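Quick look at input32.tsv (TSV, C-alpha atoms):
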chain	number	residue	atom	x	y	z
U	1	MET	CA	-16.88	-5.16	-13.62
U	2	ASP	CA	-14.80	-5.51	-16.79
U	3	PRO	CA	-17.18	-5.11	-19.76
U	4	ARG	CA	-15.25	-7.81	-21.61
U	5	ASP	CA	-16.19	-10.28	-18.87
U	6	SER	CA	-19.95	-10.24	-19.33
U	7	GLY	CA	-19.90	-14.02	-19.52
U	8	ALA	CA	-18.53	-14.46	-16.01
U	9	LEU	CA	-18.18	-17.95	-14.59
U	10	ASP	CA	-21.30	-19.12	-12.81
U	11	LEU	CA	-19.29	-20.09	-9.75
U	12	LEU	CA	-18.71	-16.39	-9.12
U	13	SER	CA	-22.42	-15.79	-8.65
U	14	PRO	CA	-23.44	-15.17	-4.99
U	15	VAL	CA	-26.44	-17.43	-5.62
U	16	HIS	CA	-24.11	-20.39	-5.99
U	17	ALA	CA	-21.52	-19.38	-3.41
U	18	ALA	CA	-22.59	-21.86	-0.72
U	19	ASP	CA	-19.91	-24.40	0.16
U	20	PRO	CA	-21.35	-27.95	0.35
U	21	SER	CA	-18.26	-29.10	2.26
U	22	GLY	CA	-19.58	-27.34	5.34
U	23	GLY	CA	-16.29	-25.53	5.81
U	24	ARG	CA	-14.02	-28.59	5.68
U	25	ARG	CA	-10.77	-28.01	3.79
U	26	PHE	CA	-8.21	-30.34	2.28
U	27	THR	CA	-4.97	-28.68	1.18
U	28	SER	CA	-1.96	-29.59	-0.93
U	29	THR	CA	0.87	-30.72	1.30
U	30	GLY	CA	4.12	-32.57	0.95
U	31	HIS	CA	7.76	-32.06	1.70
U	32	LEU	CA	11.06	-31.35	0.01
U	33	PRO	CA	13.46	-34.22	-0.71
U	34	PRO	CA	16.24	-34.99	1.84
U	35	ARG	CA	18.80	-32.26	2.52
U	36	LEU	CA	21.65	-33.88	0.61
U	37	THR	CA	19.42	-34.38	-2.40
U	38	VAL	CA	18.28	-30.75	-2.45
U	39	SER	CA	21.83	-29.46	-2.02
U	40	GLY	CA	23.09	-31.63	-4.85
U	41	LEU	CA	20.29	-30.60	-7.21
U	42	LEU	CA	20.92	-26.92	-6.50
U	43	ARG	CA	24.62	-27.40	-7.30
U	44	ASP	CA	23.73	-29.18	-10.53
U	45	ALA	CA	21.29	-26.48	-11.65
U	46	HIS	CA	23.72	-23.68	-10.83
U	47	ALA	CA	26.55	-25.38	-12.69
U	48	ALA	CA	24.34	-26.14	-15.69
U	49	TYR	CA	23.24	-22.54	-16.30
U	50	ALA	CA	25.97	-20.32	-14.80
U	51	ALA	CA	27.65	-19.94	-18.18
U	52	LEU	CA	24.43	-19.15	-20.06
U	53	ASP	CA	24.83	-15.62	-21.41
U	54	ASP	CA	21.56	-15.11	-23.26
U	55	GLY	CA	19.58	-11.96	-22.48
U	56	THR	CA	20.50	-8.41	-21.52
U	57	VAL	CA	20.54	-6.39	-18.31
U	58	ALA	CA	17.64	-3.92	-17.92
U	59	ASP	CA	18.72	-0.39	-18.81
U	60	TYR	CA	15.47	1.59	-18.92
U	61	ILE	CA	16.05	2.29	-15.24
U	62	PRO	CA	19.59	3.74	-15.16
U	63	SER	CA	20.55	2.27	-11.79
U	64	LEU	CA	19.75	-1.27	-12.98
U	65	ALA	CA	22.05	-0.98	-15.98
U	66	ALA	CA	25.09	-1.19	-13.67
U	67	ALA	CA	24.23	-4.71	-12.47
U	68	ASP	CA	26.90	-7.36	-12.97
U	69	PRO	CA	25.50	-9.72	-15.65
U	70	GLY	CA	27.55	-12.59	-14.28
U	71	ARG	CA	25.75	-12.75	-10.94
U	72	PHE	CA	23.71	-15.90	-10.38
U	73	GLY	CA	22.25	-17.27	-7.18
U	74	ILE	CA	19.64	-19.84	-6.21
U	75	SER	CA	17.92	-20.34	-2.86
U	76	VAL	CA	15.27	-22.73	-1.56
U	77	CYS	CA	13.44	-22.50	1.77
U	78	GLY	CA	11.10	-25.18	3.07
U	79	VAL	CA	8.02	-24.45	5.15
U	80	ASP	CA	9.91	-25.92	8.11
U	81	GLY	CA	12.58	-23.22	7.79
U	82	THR	CA	15.23	-25.48	6.27
U	83	SER	CA	17.10	-23.45	3.66
U	84	PHE	CA	19.59	-24.09	0.89
U	85	SER	CA	21.56	-21.55	-1.15
U	86	ILE	CA	24.25	-21.51	-3.80
U	87	GLY	CA	26.10	-18.87	-5.77
U	88	ASP	CA	25.17	-15.22	-5.30
U	89	ALA	CA	22.05	-15.93	-3.27
U	90	GLN	CA	23.00	-13.37	-0.61
U	91	ASP	CA	23.58	-10.51	-3.08
U	92	ALA	CA	21.24	-7.55	-2.53
U	93	PHE	CA	19.15	-6.22	-5.40
U	94	SER	CA	15.96	-4.19	-5.69
U	95	ILE	CA	12.81	-6.29	-5.51
U	96	GLN	CA	11.08	-4.46	-8.40
U	97	SER	CA	7.89	-6.11	-9.70
U	98	ILE	CA	8.20	-9.12	-7.42
U	99	SER	CA	6.87	-6.78	-4.76
U	100	LYS	CA	3.47	-6.79	-6.51
U	101	ALA	CA	2.70	-10.30	-5.31
U	102	PHE	CA	3.32	-9.40	-1.67
U	103	THR	CA	1.48	-6.09	-1.90
U	104	PHE	CA	-1.50	-7.99	-3.24
U	105	ALA	CA	-1.29	-10.51	-0.39
U	106	LEU	CA	-1.17	-7.75	2.23
U	107	VAL	CA	-4.05	-5.75	0.74
U	108	CYS	CA	-6.06	-8.90	0.12
U	109	ASP	CA	-5.56	-9.85	3.76
U	110	ALA	CA	-6.72	-6.41	4.86
U	111	LEU	CA	-9.72	-6.00	2.54
U	112	GLY	CA	-10.81	-9.49	1.57
U	113	HIS	CA	-11.18	-11.74	-1.46
U	114	THR	CA	-14.17	-10.07	-3.12
U	115	VAL	CA	-13.11	-6.44	-2.69
U	116	VAL	CA	-9.72	-6.85	-4.36
U	117	ARG	CA	-11.09	-9.03	-7.14
U	118	GLU	CA	-13.70	-6.45	-8.06
U	119	ALA	CA	-11.23	-3.58	-7.77
U	120	VAL	CA	-8.50	-4.93	-10.02
U	121	GLY	CA	-9.52	-8.22	-11.69
U	122	VAL	CA	-7.66	-11.51	-11.92
U	123	ASN	CA	-7.26	-12.22	-15.65
U	124	ASN	CA	-4.12	-11.95	-17.75
U	125	SER	CA	-4.00	-8.90	-20.00
U	126	GLY	CA	-1.91	-10.66	-22.65
U	127	LEU	CA	0.13	-7.47	-22.99
U	128	PRO	CA	3.37	-6.12	-21.45
U	129	PHE	CA	3.47	-5.18	-17.77
U	130	ASP	CA	3.45	-1.41	-18.42
U	131	SER	CA	0.94	-1.38	-21.27
U	132	VAL	CA	-1.31	1.66	-21.60
U	133	MET	CA	-3.24	-0.08	-24.37
U	134	ALA	CA	-4.32	-2.81	-21.95
U	135	LEU	CA	-6.16	-0.23	-19.86
U	136	GLU	CA	-7.82	1.41	-22.86
U	137	LEU	CA	-8.95	-1.91	-24.31
U	138	ASN	CA	-10.54	-2.98	-21.03
U	139	GLY	CA	-12.48	0.09	-19.97
U	140	GLY	CA	-9.80	1.20	-17.53
U	141	SER	CA	-9.62	-2.15	-15.71
U	142	PRO	CA	-6.05	-3.19	-14.88
U	143	ARG	CA	-7.12	-6.84	-15.40
U	144	ASN	CA	-4.80	-8.19	-12.67
U	145	PRO	CA	-2.57	-7.01	-9.80
U	146	MET	CA	0.68	-8.29	-11.33
U	147	VAL	CA	0.92	-5.58	-14.00
U	148	ASN	CA	1.94	-2.03	-13.13
U	149	ALA	CA	-1.57	-0.60	-13.41
U	150	GLY	CA	-2.97	-3.29	-11.11
U	151	ALA	CA	-0.19	-2.77	-8.58
U	152	LEU	CA	-0.96	0.97	-8.52
U	153	VAL	CA	-4.61	0.23	-7.75
U	154	MET	CA	-3.57	-2.13	-4.93
U	155	ILE	CA	-1.38	0.57	-3.39
U	156	SER	CA	-4.21	3.10	-3.59
U	157	LEU	CA	-6.34	0.62	-1.61
U	158	ALA	CA	-3.68	-0.08	1.03
U	159	PRO	CA	-4.74	0.84	4.59
U	160	GLY	CA	-3.69	4.30	5.72
U	161	ASP	CA	-5.04	7.83	5.33
U	162	SER	CA	-1.69	9.28	4.22
U	163	ALA	CA	1.13	8.32	1.89
U	164	ALA	CA	3.41	7.78	4.88
U	165	ALA	CA	0.91	5.42	6.52
U	166	LYS	CA	0.40	3.42	3.32
U	167	TRP	CA	4.14	3.12	2.79
U	168	GLN	CA	4.64	2.04	6.40
U	169	PHE	CA	1.97	-0.65	5.99
U	170	LEU	CA	3.66	-2.05	2.89
U	171	GLN	CA	7.26	-1.86	4.12
U	172	ASP	CA	6.36	-3.44	7.45
U	173	GLY	CA	4.35	-6.18	5.75
U	174	MET	CA	7.06	-7.11	3.27
U	175	SER	CA	9.61	-7.12	6.06
U	176	ARG	CA	7.46	-9.61	7.98
U	177	PHE	CA	7.34	-11.77	4.85
U	178	ALA	CA	11.16	-11.73	4.69
U	179	GLY	CA	11.66	-12.21	8.40
U	180	ARG	CA	13.92	-9.15	8.64
U	181	ARG	CA	13.71	-5.40	8.09
U	182	LEU	CA	13.83	-4.59	4.36
U	183	LEU	CA	15.50	-1.27	3.56
U	184	LEU	CA	15.11	1.16	0.69
U	185	ASP	CA	17.88	1.49	-1.89
U	186	GLY	CA	18.02	5.27	-2.21
U	187	GLN	CA	20.00	5.19	-5.44
U	188	VAL	CA	17.47	2.92	-7.15
U	189	TYR	CA	14.58	5.00	-5.81
U	190	ASP	CA	16.06	8.25	-7.10
U	191	SER	CA	16.80	6.69	-10.47
U	192	GLU	CA	13.28	5.31	-10.85
U	193	ALA	CA	11.59	8.45	-9.53
U	194	ALA	CA	13.33	10.47	-12.24
U	195	THR	CA	12.20	8.14	-15.04
U	196	ASN	CA	8.79	6.74	-14.00
U	197	HIS	CA	6.80	8.83	-16.48
U	198	ARG	CA	4.79	5.88	-17.79
U	199	ASN	CA	3.72	4.79	-14.32
U	200	ARG	CA	2.58	8.33	-13.55
U	201	ALA	CA	0.61	8.30	-16.79
U	202	LEU	CA	-0.95	4.94	-15.89
U	203	ALA	CA	-1.98	6.26	-12.48
U	204	ALA	CA	-3.58	9.35	-14.03
U	205	LEU	CA	-5.41	7.22	-16.61
U	206	LEU	CA	-6.68	4.91	-13.86
U	207	ARG	CA	-7.95	7.98	-11.99
U	208	SER	CA	-9.80	9.16	-15.10
U	209	TYR	CA	-11.58	5.79	-15.27
U	210	GLY	CA	-12.48	5.88	-11.57
U	211	HIS	CA	-10.16	3.04	-10.56
U	212	MET	CA	-7.72	5.06	-8.45
U	213	SER	CA	-8.91	5.71	-4.90
U	214	TYR	CA	-5.90	7.79	-3.81
U	215	ASP	CA	-3.81	10.61	-5.23
U	216	PRO	CA	-2.15	9.31	-8.46
U	217	LEU	CA	1.23	11.00	-7.96
U	218	LEU	CA	1.53	9.92	-4.33
U	219	THR	CA	0.47	6.39	-5.26
U	220	THR	CA	3.14	6.26	-7.97
U	221	ASP	CA	5.76	7.43	-5.48
U	222	ILE	CA	4.80	4.68	-3.02
U	223	TYR	CA	4.99	2.14	-5.85
U	224	THR	CA	8.47	3.42	-6.74
U	225	ARG	CA	9.57	3.04	-3.12
U	226	GLN	CA	8.09	-0.45	-2.95
U	227	CYS	CA	10.06	-1.55	-6.02
U	228	SER	CA	13.27	-0.11	-4.53
U	229	LEU	CA	13.33	-2.32	-1.43
U	230	LEU	CA	16.50	-4.40	-1.20
U	231	VAL	CA	16.24	-8.19	-1.05
U	232	SER	CA	18.36	-11.22	-1.81
U	233	ALA	CA	17.41	-14.53	-3.40
U	234	ARG	CA	17.44	-16.02	0.09
U	235	ASP	CA	14.97	-13.35	1.28
U	236	LEU	CA	12.68	-14.12	-1.64
U	237	ALA	CA	12.82	-17.85	-0.90
U	238	VAL	CA	11.70	-17.14	2.68
U	239	MET	CA	8.95	-14.83	1.40
U	240	GLY	CA	7.81	-17.53	-1.00
U	241	ALA	CA	7.86	-20.13	1.76
U	242	THR	CA	5.62	-17.85	3.84
U	243	LEU	CA	3.04	-17.91	1.05
U	244	ALA	CA	3.54	-21.67	0.76
U	245	ASP	CA	2.74	-22.23	4.43
U	246	GLY	CA	-0.52	-20.33	4.64
U	247	GLY	CA	1.03	-17.05	5.73
U	248	ILE	CA	3.35	-18.26	8.51
U	249	ASN	CA	6.96	-17.11	8.17
U	250	PRO	CA	9.13	-20.27	8.49
U	251	LEU	CA	11.92	-18.42	10.32
U	252	THR	CA	10.07	-16.13	12.73
U	253	HIS	CA	6.91	-18.30	12.98
U	254	GLU	CA	4.90	-15.07	12.81
U	255	ARG	CA	1.60	-15.02	10.94
U	256	VAL	CA	1.97	-12.44	8.19
U	257	VAL	CA	-1.33	-12.94	6.33
U	258	ASP	CA	-4.24	-15.37	6.49
U	259	PRO	CA	-4.26	-18.60	4.43
U	260	SER	CA	-7.02	-17.23	2.21
U	261	ALA	CA	-4.83	-14.30	1.17
U	262	CYS	CA	-2.01	-16.73	0.31
U	263	ARG	CA	-4.35	-18.83	-1.80
U	264	ASP	CA	-5.63	-15.78	-3.70
U	265	THR	CA	-2.10	-14.47	-4.26
U	266	LEU	CA	-0.83	-17.78	-5.62
U	267	ALA	CA	-3.78	-17.94	-8.00
U	268	VAL	CA	-2.96	-14.60	-9.63
U	269	MET	CA	0.76	-15.39	-9.62
U	270	ALA	CA	-0.02	-18.57	-11.57
U	271	THR	CA	-2.12	-16.78	-14.19
U	272	SER	CA	-0.24	-13.49	-14.49
U	273	GLY	CA	3.06	-13.54	-12.57
U	274	LEU	CA	5.14	-13.77	-15.75
U	275	TYR	CA	2.96	-11.31	-17.67
U	276	GLN	CA	2.16	-12.26	-21.27
U	277	ARG	CA	4.33	-15.35	-20.94
U	278	SER	CA	2.59	-16.73	-17.87
U	279	GLY	CA	1.11	-19.59	-19.87
U	280	ASP	CA	4.56	-20.65	-21.07
U	281	TRP	CA	5.84	-20.46	-17.51
U	282	LEU	CA	3.01	-22.54	-16.08
U	283	TYR	CA	3.39	-25.08	-18.88
U	284	GLU	CA	7.13	-25.48	-18.30
U	285	VAL	CA	7.44	-24.92	-14.53
U	286	GLY	CA	4.01	-25.80	-13.15
U	287	LEU	CA	4.17	-23.41	-10.19
U	288	PRO	CA	3.04	-19.88	-9.28
U	289	GLY	CA	5.87	-17.43	-9.85
U	290	LYS	CA	6.70	-13.73	-10.06
U	291	SER	CA	9.58	-12.06	-11.83
U	292	GLY	CA	11.24	-8.65	-11.61
U	293	VAL	CA	13.40	-6.65	-14.01
U	294	SER	CA	16.35	-6.56	-11.60
U	295	GLY	CA	16.77	-10.30	-12.29
U	296	GLY	CA	14.91	-11.96	-9.45
U	297	ILE	CA	12.25	-14.67	-9.66
U	298	VAL	CA	10.28	-16.09	-6.74
U	299	THR	CA	8.45	-19.40	-7.14
U	300	VAL	CA	6.10	-21.06	-4.66
U	301	ALA	CA	5.33	-24.74	-4.11
U	302	PRO	CA	2.20	-24.70	-1.92
U	303	GLY	CA	2.67	-26.71	1.24
U	304	LYS	CA	6.36	-27.31	0.50
U	305	GLY	CA	8.34	-24.10	0.26
U	306	GLY	CA	9.67	-21.20	-1.77
U	307	MET	CA	12.40	-21.02	-4.39
U	308	ALA	CA	14.17	-17.93	-5.71
U	309	THR	CA	16.80	-17.13	-8.29
U	310	TYR	CA	18.82	-14.04	-9.09
U	311	SER	CA	20.53	-13.30	-12.39
U	312	PRO	CA	20.28	-9.91	-14.15
U	313	ARG	CA	20.25	-11.03	-17.79
U	314	LEU	CA	16.62	-10.75	-18.98
U	315	ASP	CA	14.59	-11.96	-21.93
U	316	ALA	CA	12.40	-9.63	-24.02
U	317	ALA	CA	9.53	-9.91	-21.50
U	318	GLY	CA	11.75	-8.77	-18.60
U	319	THR	CA	12.41	-12.11	-16.89
U	320	SER	CA	15.79	-13.59	-15.93
U	321	VAL	CA	16.98	-16.11	-18.50
U	322	ARG	CA	19.16	-18.18	-16.18
U	323	GLY	CA	16.48	-17.97	-13.51
U	324	GLN	CA	13.85	-19.44	-15.79
U	325	HIS	CA	16.04	-22.36	-16.82
U	326	ALA	CA	17.15	-23.13	-13.27
U	327	THR	CA	13.61	-22.91	-11.90
U	328	ARG	CA	12.23	-25.22	-14.57
U	329	SER	CA	14.96	-27.77	-13.88
U	330	LEU	CA	14.49	-27.66	-10.11
U	331	SER	CA	10.70	-27.74	-10.28
U	332	ARG	CA	10.99	-31.09	-12.00
U	333	SER	CA	13.92	-32.58	-10.11
U	334	LEU	CA	12.61	-31.54	-6.68
U	335	GLY	CA	9.13	-32.87	-7.43
U	336	LEU	CA	7.41	-29.48	-7.09
U	337	ASP	CA	5.41	-29.22	-10.33
U	338	LEU	CA	1.74	-28.99	-9.34
U	339	PHE	CA	0.62	-30.73	-12.52
U	340	ALA	CA	3.01	-33.66	-12.45
U	341	SER	CA	1.74	-37.03	-11.25
U	342	ALA	CA	2.63	-40.71	-11.33
U	343	PRO	CA	0.67	-43.91	-10.70
U	344	GLU	CA	0.47	-45.10	-7.12
U	345	PRO	CA	2.95	-47.97	-6.62
U	346	ASP	CA	0.26	-50.19	-5.09
U	347	ALA	CA	-2.37	-49.45	-7.74
U	348	ALA	CA	-4.78	-52.24	-8.71
U	349	PRO	CA	-3.67	-54.48	-11.65
U	350	PRO	CA	-4.86	-53.46	-15.13
U	351	GLY	CA	-8.45	-54.46	-15.77
U	352	ARG	CA	-9.27	-54.76	-12.06
U	353	PRO	CA	-10.12	-51.25	-10.77
U	354	ALA	CA	-10.08	-50.92	-7.02
U	355	GLU	CA	-13.54	-50.78	-5.46
U	356	ARG	CA	-14.43	-47.47	-3.91
U	357	THR	CA	-17.40	-46.43	-1.83
U	358	GLY	CA	-18.71	-43.01	-1.06

Now, as a test, write the supplied structure out as structure tokens.
Amino acid sequence: MDPRDSGALDLLSPVHAADPSGGRRFTSTGHLPPRLTVSGLLRDAHAAYAALDDGTVADYIPSLAAADPGRFGISVCGVDGTSFSIGDAQDAFSIQSISKAFTFALVCDALGHTVVREAVGVNNSGLPFDSVMALELNGGSPRNPMVNAGALVMISLAPGDSAAAKWQFLQDGMSRFAGRRLLLDGQVYDSEAATNHRNRALAALLRSYGHMSYDPLLTTDIYTRQCSLLVSARDLAVMGATLADGGINPLTHERVVDPSACRDTLAVMATSGLYQRSGDWLYEVGLPGKSGVSGGIVTVAPGKGGMATYSPRLDAAGTSVRGQHATRSLSRSLGLDLFASAPEPDAAPPGRPAERTG
């Protein structure tokens, strides 16, 4: 347990874990607007931000520095499999840190809610995604699975008694999320493997604190492979839609993970998916999301679908600038924001509240 969390919420206590609902569940549902409306709104968002040239392409990984800064694609996939794309939505790029969300979902599905929470934590660190200081300040706890240290712990926990087995588990699982076989970009992998000194240091530090349950160097190599998988914005939209629909891929109709794993994943994406700027993201977009330094962002509207953008120009926190603007615009125009509401059209007149029983 994180020593900074000595005042844990009472609802986490096993004494109060009983569910008075008796197992009944009510979930957020809904649907996307009509096809023509969605298509038109995607065109508008793409046109509005295609010329935005703020931000810079990531260069701390040499292979990423060669990305075309002009690329920009948007894709949306509903839980019914209906999809919409515009611009460079079919362009392939390495998934990078977006993979963390799907690794967490797969490991959470395999090990359960309590095990992963106790192993890695679920609170925002408030510091950059590769911070060593965050580990030192928190007694070696990664705080959450969306930062590099937390992702390394998740990989060390992945099923498999060898590096090859763990990698196979993760590659197969992410491929099921995408609905097609995801392949490794060898050039990106080689580039990252030659420069991932900080991640190796994080893994060693985690081991020294007792948080790493597998060989640190092998774990770092698996993480590097995971980040080097090739996806497109359309793939990410399908992967997001799978999380949105309780773990069922909308194209293959295969169950990838259980609904509980989806729920847990979306919770940590909401609090930590955009790192130290997750609060800004949630305030402006109102949806769980996850970004990557290659320029991708995946966003999930529970019960409705997934949305993804691709544009390599990043802000100082490592998130696509065009992607953020387009996602915020579409979250509002498509009616996806989880915190947005409006009065019911048949609400009782002012001063005469409707009678309710229960």

> Restricting the calculation to only C-alpha atoms, which member of U:Ala342, U:Ala45, U:Ala134, U:Ile155 is positioned closest to Ser85 (chain U)?
Replying inline: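 The closest residue to Ser85 (chain U) is U:Ala45.
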
Nearby residues (only C-alpha atoms) at most 10 Å from Leu64 (chain U), same-chain spacing under 3 positions excluded, as a PDB file with C-alpha atoms, keeping the file's coordinate frame:
ATOM      1  CA  VAL U  57      20.540  -6.390 -18.310  1.00  0.00           C
ATOM      2  CA  ALA U  58      17.640  -3.920 -17.920  1.00  0.00           C
ATOM      3  CA  ASP U  59      18.720  -0.390 -18.810  1.00  0.00           C
ATOM      4  CA  TYR U  60      15.470   1.590 -18.920  1.00  0.00           C
ATOM      5  CA  ILE U  61      16.050   2.290 -15.240  1.00  0.00           C
ATOM      6  CA  ALA U  67      24.230  -4.710 -12.470  1.00  0.00           C
ATOM      7  CA  ASP U  68      26.900  -7.360 -12.970  1.00  0.00           C
ATOM      8  CA  PHE U  93      19.150  -6.220  -5.400  1.00  0.00           C
ATOM      9  CA  SER U  94      15.960  -4.190  -5.690  1.00  0.00           C
ATOM     10  CA  GLN U 187      20.000   5.190  -5.440  1.00  0.00           C
ATOM     11  CA  VAL U 188      17.470   2.920  -7.150  1.00  0.00           C
ATOM     12  CA  SER U 191      16.800   6.690 -10.470  1.00  0.00           C
ATOM     13  CA  GLU U 192      13.280   5.310 -10.850  1.00  0.00           C
ATOM     14  CA  VAL U 293      13.400  -6.650 -14.010  1.00  0.00           C
ATOM     15  CA  SER U 294      16.350  -6.560 -11.600  1.00  0.00           C
ATOM     16  CA  GLY U 295      16.770 -10.300 -12.290  1.00  0.00           C
ATOM     17  CA  PRO U 312      20.280  -9.910 -14.150  1.00  0.00           C
TER      18      PRO U 312
END

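You will find CA of Glu254 (chain U) at 21.6 Å from CA of Leu32 (chain U).
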
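Comparing the minimum interatomic distances between Leu338 (chain U) and each of U:Cys262, U:Val321, U:Val285, U:Ala203, counting only C-alpha atoms, we find that U:Val285 sits nearest.
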
> In Å, how far is it from CA of Ile95 (chain U) to CA of Arg176 (chain U)?
Replying inline: 14.9 Å

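With distances restricted to all atoms listed in the file, U:Arg277 is the closest residue to Ser125 (chain U) from U:Lys166, U:His31, U:His197, U:Arg277.
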
>> For a quick check of understanding, using only C-alpha atoms, which of U:Asp161, U:Arg117, U:Thr103, U:Asp109 has the smallest distance to Arg255 (chain U)?
In response: U:Asp109

>> From the options U:Thr299, U:Asn249, U:Asn124, U:Ser333, which residue's atoms come nearest to Arg180 (chain U), counting all atoms listed in the file?
In response: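 Of the candidates, the smallest distance to Arg180 (chain U) is held by U:Asn249.
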
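What separates CA of Arg143 (chain U) from CA of Gly210 (chain U) is a distance of 14.3 Å.
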
>> With all atoms listed in the file as the counted atoms, please give the residues lying no more than 8 Å from Leu42 (chain U), apart from itself and same-chain residues fewer than 3 positions off, as a ChimeraX atom specification.
In response: /U:38-39,45-46,74,85-86,330

> Which residue gives the smallest distance to Asn138 (chain U) among U:Gln324, U:Pro345, U:Asp172, U:Tyr209, with all atoms listed in the file counted?
Replying inline: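 Of U:Gln324, U:Pro345, U:Asp172, U:Tyr209, the one nearest Asn138 (chain U), counting all atoms listed in the file, is U:Tyr209.
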
>> Could you list, as a list of chain:residue names, every residue within 12 Å of Leu135 (chain U), counting only C-alpha atoms and ignoring same-chain residues fewer than 5 positions away?
In response: U:Asp2, U:Arg4, U:Val120, U:Gly121, U:Ser125, U:Gly126, U:Leu127, U:Pro128, U:Phe129, U:Asp130, U:Gly140, U:Ser141, U:Pro142, U:Arg143, U:Asn144, U:Val147, U:Asn148, U:Ala149, U:Gly150, U:Ala201, U:Leu202, U:Ala203, U:Ala204, U:Leu205, U:Leu206, U:Arg207, U:Ser208, U:Tyr209, U:His211

>> Using all atoms listed in the file - which residues lie no farther than 8 Å from the point (7.3, -19.8, -6.9) in the file's frame? Write them as a PyMOL selection string.
In response: chain U and resi 240+287-290+297-301+306-308

>> Please return as a ChimeraX atom specification every residue within 9 Å of (9.2, -6.1, -9.3), taking into account only C-alpha atoms and the file's own coordinates.
In response: /U:94-101,226-228,290-294,296

>> I'd like the contact shell of Ala164 (chain U) - 12 Å cut-off, all atoms listed in the file, skipping same-chain residues fewer than 3 positions apart - returned as a ChimeraX atom specification.
In response: /U:155,158-161,167-172,218-219,221-222,225
